[in-house]
Amino acid sequence: MPMDPKTISLGPGLLYWAPAGTADPTTAVTGSIISDTLPVAWKQIGYTENGSEFSYELSSDDVVVAEVLDAISHKTTGRSGSVAFEMAEVTVKNLVLALNGGTVTNTGTGATALWTYEPPNIGSEVRVALIWQSEDNTERWIFRQVFQTGSVTVGRRRGADKATVPVTFSLEVPTGARPFKVWMATDAKAGGQVVQP
């Protein structure tokens, strides 16, 4: 297949969250883009500092024998995945995401509105699901069950160096499904052939 600029993925895209267990969206393609609107359960996370990063790692051990210097095979011993980003909006909602739940209360409205947040008790943390969608609407990734495992460090500095809320959501296996799924619109995004081991 010749090189195709339509396969290049650019931009930070948009991040959404919903409670873990929320059904996968019914993804439709029209005019070579993902054209459906996400259901109301999916809420936009908002601005980020530098977009997001998905990491996936497979762990394995070499199977060796005395008669051969090379490994004769490899045995999978584990795998892990994560989605990391820095939320650029310091809000109660984002504290709930960063600290895996908690208690939110509200009094007053408008000019007298006051929101309070307290972190969850140990053992009562909650999981969420995440969606990342590309700016050109040719890619959508769903991470069906994640748990925030990163260190939350909110720095306060002078000038335009804004505070952020860094998070690393680790993938978990949801009941009856795989940890994540990817949709890509257009034949170009298939890479020219279907690779099926």
# chains A, B, ... in the order shown; residues from 1 in each chain; ligands from 1
>>> residues_around(residues="A:Asn106", least_positions_apart="5", cutoff="9 Å", atoms="only C-alpha atoms", output="list of chain:residue names")
A:Ala113, A:Leu114, A:Trp115, A:Thr116
>>> write_last_selection(atoms="C-alpha atoms", output="short mmCIF file (atom, residue, chain, number, x, y, z; two decimals), in the first residue's frame")
data_model
loop_
_atom_site.label_atom_id
_atom_site.label_comp_id
_atom_site.auth_asym_id
_atom_site.auth_seq_id
_atom_site.Cartn_x
_atom_site.Cartn_y
_atom_site.Cartn_z
CA ALA A 113 -22.66 28.90 45.47
CA LEU A 114 -20.26 26.86 47.58
CA TRP A 115 -19.02 23.39 46.63
CA THR A 116 -17.11 21.14 49.02
#
>>> select_by_dssp(residues="stretch 94-135 of chain A", states="alpha helix (DSSP H)", output="PyMOL selection string")
chain A and resi 94-98
>>> write_last_selection(atoms="N, CA and C atoms", output="PDB file, in the first residue's frame")
ATOM      1  N   ASN A  94     -13.083  17.246  38.616  1.00  0.00           N
ATOM      2  CA  ASN A  94     -11.795  16.642  38.314  1.00  0.00           C
ATOM      3  C   ASN A  94     -11.118  16.075  39.553  1.00  0.00           C
ATOM      4  N   LEU A  95     -11.402  16.625  40.729  1.00  0.00           N
ATOM      5  CA  LEU A  95     -10.910  16.005  41.959  1.00  0.00           C
ATOM      6  C   LEU A  95     -11.573  14.649  42.173  1.00  0.00           C
ATOM      7  N   VAL A  96     -12.861  14.554  41.866  1.00  0.00           N
ATOM      8  CA  VAL A  96     -13.558  13.262  41.976  1.00  0.00           C
ATOM      9  C   VAL A  96     -12.905  12.235  41.062  1.00  0.00           C
ATOM     10  N   LEU A  97     -12.559  12.643  39.833  1.00  0.00           N
ATOM     11  CA  LEU A  97     -11.891  11.725  38.911  1.00  0.00           C
ATOM     12  C   LEU A  97     -10.500  11.347  39.416  1.00  0.00           C
ATOM     13  N   ALA A  98      -9.742  12.344  39.869  1.00  0.00           N
ATOM     14  CA  ALA A  98      -8.356  12.110  40.262  1.00  0.00           C
ATOM     15  C   ALA A  98      -8.236  11.253  41.510  1.00  0.00           C
TER      16      ALA A  98
END
>>> closest_atom_pairs(of="stretch 81-130 of chain A", to="stretch 21-33 of chain A", cutoff="12 Å", atoms="only C-alpha atoms", output="CSV")
residue,atom,partner,partner_atom,distance
A:Val126,CA,A:Gly21,CA,11.3
A:Arg127,CA,A:Gly21,CA,9.0
A:Val128,CA,A:Gly21,CA,7.9
A:Ala129,CA,A:Thr22,CA,7.3
A:Leu130,CA,A:Thr22,CA,9.9
>>> write_last_selection(atoms="N, CA and C atoms", output="CSV table (one decimal), in the first residue's frame")
chain,number,residue,atom,x,y,z
A,126,VAL,N,-14.2,4.3,43.5
A,126,VAL,CA,-14.9,3.9,42.4
A,126,VAL,C,-14.1,3.9,41.1
A,127,ARG,N,-14.5,3.1,40.2
A,127,ARG,CA,-13.9,3.0,38.9
A,127,ARG,C,-14.7,3.8,37.9
A,128,VAL,N,-14.1,4.2,36.8
A,128,VAL,CA,-14.7,4.9,35.7
A,128,VAL,C,-14.3,4.3,34.4
A,129,ALA,N,-15.0,4.7,33.3
A,129,ALA,CA,-14.6,4.4,32.0
A,129,ALA,C,-14.2,5.7,31.3
A,130,LEU,N,-13.3,5.5,30.3
A,130,LEU,CA,-12.8,6.7,29.5
A,130,LEU,C,-13.0,6.5,28.1
>>> closest_atom_pairs(of="stretch 68-95 of chain A", to="stretch 175-181 of chain A", cutoff="12 Å", atoms="only C-alpha atoms", output="tab-separated table")
residue	atom	partner	partner_atom	distance
A:Arg79	CA	A:Pro179	CA	10.9
A:Ser80	CA	A:Pro179	CA	9.8
A:Gly81	CA	A:Pro179	CA	8.7
A:Ser82	CA	A:Pro179	CA	10.4
A:Val83	CA	A:Phe180	CA	11.1
>>> write_last_selection(atoms="N, CA and C atoms", output="PDB file, in the first residue's frame")
ATOM      1  N   ARG A  79       0.241  -8.291  31.771  1.00  0.00           N
ATOM      2  CA  ARG A  79       0.159  -7.130  30.904  1.00  0.00           C
ATOM      3  C   ARG A  79      -0.490  -5.994  31.673  1.00  0.00           C
ATOM      4  N   SER A  80      -0.147  -4.786  31.283  1.00  0.00           N
ATOM      5  CA  SER A  80      -0.704  -3.624  31.965  1.00  0.00           C
ATOM      6  C   SER A  80      -0.865  -2.495  30.964  1.00  0.00           C
ATOM      7  N   GLY A  81      -1.847  -1.665  31.216  1.00  0.00           N
ATOM      8  CA  GLY A  81      -2.093  -0.519  30.356  1.00  0.00           C
ATOM      9  C   GLY A  81      -2.500   0.674  31.188  1.00  0.00           C
ATOM     10  N   SER A  82      -2.299   1.860  30.638  1.00  0.00           N
ATOM     11  CA  SER A  82      -2.675   3.068  31.370  1.00  0.00           C
ATOM     12  C   SER A  82      -2.958   4.206  30.398  1.00  0.00           C
ATOM     13  N   VAL A  83      -3.729   5.165  30.879  1.00  0.00           N
ATOM     14  CA  VAL A  83      -3.999   6.409  30.158  1.00  0.00           C
ATOM     15  C   VAL A  83      -3.614   7.543  31.100  1.00  0.00           C
TER      16      VAL A  83
END
>>> atom_distance(atom1="atom CA of A:Thr48", atom2="atom CA of A:Ala163")
10.9 Å
>>> select_by_dssp(residues="stretch 74-170 of chain A", states="strand (DSSP E or B)", output="compact mmCIF listing (two decimals) with N, CA and C atoms, in the first residue's frame")
# COMPACT_ATOMS: atom_id res chain seq x y z
N HIS A 74 8.60 -17.75 24.48
CA HIS A 74 8.36 -16.77 25.54
C HIS A 74 7.00 -17.04 26.17
N LYS A 75 6.94 -16.94 27.48
CA LYS A 75 5.69 -17.18 28.21
C LYS A 75 5.18 -15.85 28.76
N THR A 76 3.95 -15.49 28.38
CA THR A 76 3.34 -14.26 28.88
C THR A 76 3.08 -14.38 30.37
N THR A 77 3.54 -13.40 31.12
CA THR A 77 3.36 -13.42 32.58
C THR A 77 2.47 -12.30 33.09
N GLY A 78 2.11 -11.38 32.22
CA GLY A 78 1.24 -10.29 32.64
C GLY A 78 1.17 -9.21 31.59
N ARG A 79 0.24 -8.29 31.77
CA ARG A 79 0.16 -7.13 30.90
C ARG A 79 -0.49 -5.99 31.67
N SER A 80 -0.15 -4.79 31.28
CA SER A 80 -0.70 -3.62 31.96
C SER A 80 -0.87 -2.50 30.96
N GLY A 81 -1.85 -1.67 31.22
CA GLY A 81 -2.09 -0.52 30.36
C GLY A 81 -2.50 0.67 31.19
N SER A 82 -2.30 1.86 30.64
CA SER A 82 -2.68 3.07 31.37
C SER A 82 -2.96 4.21 30.40
N VAL A 83 -3.73 5.17 30.88
CA VAL A 83 -4.00 6.41 30.16
C VAL A 83 -3.61 7.54 31.10
N ALA A 84 -2.67 8.38 30.67
CA ALA A 84 -2.16 9.44 31.55
C ALA A 84 -2.37 10.81 30.90
N PHE A 85 -2.72 11.78 31.72
CA PHE A 85 -2.86 13.16 31.26
C PHE A 85 -2.89 14.08 32.47
N GLU A 86 -2.72 15.37 32.21
CA GLU A 86 -2.82 16.38 33.26
C GLU A 86 -4.04 17.24 32.98
N MET A 87 -5.00 17.20 33.87
CA MET A 87 -6.19 18.02 33.71
C MET A 87 -5.83 19.47 34.04
N THR A 103 -16.95 12.57 48.35
CA THR A 103 -18.23 13.17 48.73
C THR A 103 -18.26 14.63 48.30
N VAL A 104 -19.28 14.99 47.55
CA VAL A 104 -19.45 16.36 47.06
C VAL A 104 -20.74 16.93 47.63
N THR A 105 -20.66 18.13 48.17
CA THR A 105 -21.85 18.81 48.65
C THR A 105 -21.89 20.21 48.07
N ASN A 106 -23.12 20.75 47.99
CA ASN A 106 -23.31 22.07 47.39
C ASN A 106 -24.35 22.85 48.18
N THR A 107 -24.04 24.10 48.46
CA THR A 107 -25.01 24.99 49.06
C THR A 107 -25.03 26.29 48.25
N LEU A 114 -21.43 27.41 46.90
CA LEU A 114 -20.26 26.86 47.58
C LEU A 114 -20.27 25.35 47.40
N TRP A 115 -19.18 24.83 46.85
CA TRP A 115 -19.02 23.39 46.63
C TRP A 115 -17.91 22.88 47.55
N THR A 116 -18.14 21.75 48.17
CA THR A 116 -17.11 21.14 49.02
C THR A 116 -16.85 19.72 48.55
N TYR A 117 -15.63 19.29 48.76
CA TYR A 117 -15.21 17.94 48.34
C TYR A 117 -14.40 17.30 49.45
N GLU A 118 -14.69 16.02 49.72
CA GLU A 118 -13.88 15.21 50.63
C GLU A 118 -13.55 13.90 49.94
N VAL A 128 -14.06 4.21 36.80
CA VAL A 128 -14.75 4.91 35.72
C VAL A 128 -14.34 4.29 34.39
N ALA A 129 -14.99 4.73 33.34
CA ALA A 129 -14.61 4.38 31.97
C ALA A 129 -14.18 5.67 31.27
N LEU A 130 -13.28 5.55 30.30
CA LEU A 130 -12.79 6.70 29.55
C LEU A 130 -12.99 6.48 28.05
N ILE A 131 -13.22 7.56 27.35
CA ILE A 131 -13.18 7.55 25.89
C ILE A 131 -12.24 8.66 25.44
N TRP A 132 -11.40 8.33 24.46
CA TRP A 132 -10.61 9.34 23.76
C TRP A 132 -11.07 9.35 22.32
N GLN A 133 -11.32 10.56 21.77
CA GLN A 133 -11.72 10.67 20.37
C GLN A 133 -10.86 11.71 19.68
N GLU A 139 -10.87 8.39 14.81
CA GLU A 139 -10.49 7.40 15.83
C GLU A 139 -11.32 7.60 17.09
N ARG A 140 -11.69 6.47 17.71
CA ARG A 140 -12.33 6.48 19.03
C ARG A 140 -11.80 5.28 19.81
N TRP A 141 -11.31 5.55 21.02
CA TRP A 141 -10.80 4.50 21.90
C TRP A 141 -11.64 4.51 23.17
N ILE A 142 -12.07 3.34 23.61
CA ILE A 142 -12.76 3.23 24.88
C ILE A 142 -11.94 2.37 25.83
N PHE A 143 -11.80 2.84 27.05
CA PHE A 143 -11.14 2.10 28.12
C PHE A 143 -12.23 1.81 29.14
N ARG A 144 -12.68 0.55 29.17
CA ARG A 144 -13.97 0.22 29.79
C ARG A 144 -13.97 0.29 31.31
N GLN A 145 -12.83 0.07 31.93
CA GLN A 145 -12.77 0.16 33.40
C GLN A 145 -11.37 0.57 33.79
N VAL A 146 -11.25 1.73 34.45
CA VAL A 146 -9.94 2.23 34.85
C VAL A 146 -9.99 2.71 36.29
N PHE A 147 -8.81 2.73 36.90
CA PHE A 147 -8.66 3.15 38.29
C PHE A 147 -7.46 4.08 38.36
N GLN A 148 -7.64 5.24 38.95
CA GLN A 148 -6.58 6.23 38.99
C GLN A 148 -5.53 5.81 40.02
N VAL A 165 -3.93 18.98 37.40
CA VAL A 165 -4.22 17.79 38.19
C VAL A 165 -3.77 16.57 37.38
N PRO A 166 -2.56 16.04 37.64
CA PRO A 166 -2.07 14.91 36.86
C PRO A 166 -2.71 13.60 37.30
N VAL A 167 -3.03 12.76 36.33
CA VAL A 167 -3.65 11.47 36.63
C VAL A 167 -3.06 10.39 35.72
N THR A 168 -3.01 9.18 36.26
CA THR A 168 -2.67 8.00 35.47
C THR A 168 -3.71 6.95 35.76
N PHE A 169 -4.57 6.68 34.80
CA PHE A 169 -5.63 5.69 34.96
C PHE A 169 -5.13 4.34 34.47
N SER A 170 -5.09 3.36 35.37
CA SER A 170 -4.65 2.01 35.03
C SER A 170 -5.84 1.18 34.58
>>> atom_distance(atom1="atom CA of A:Asp36", atom2="atom CA of A:Leu14")
14.7 Å
>>> atom_distance(atom1="atom CA of A:Ser52", atom2="atom CA of A:Gly11")
9.9 Å
>>> closest_residue(among="A:Leu58, A:Leu99, A:Ala185, A:Ala88", to="A:Asn121", atoms="only C-alpha atoms")
A:Leu99
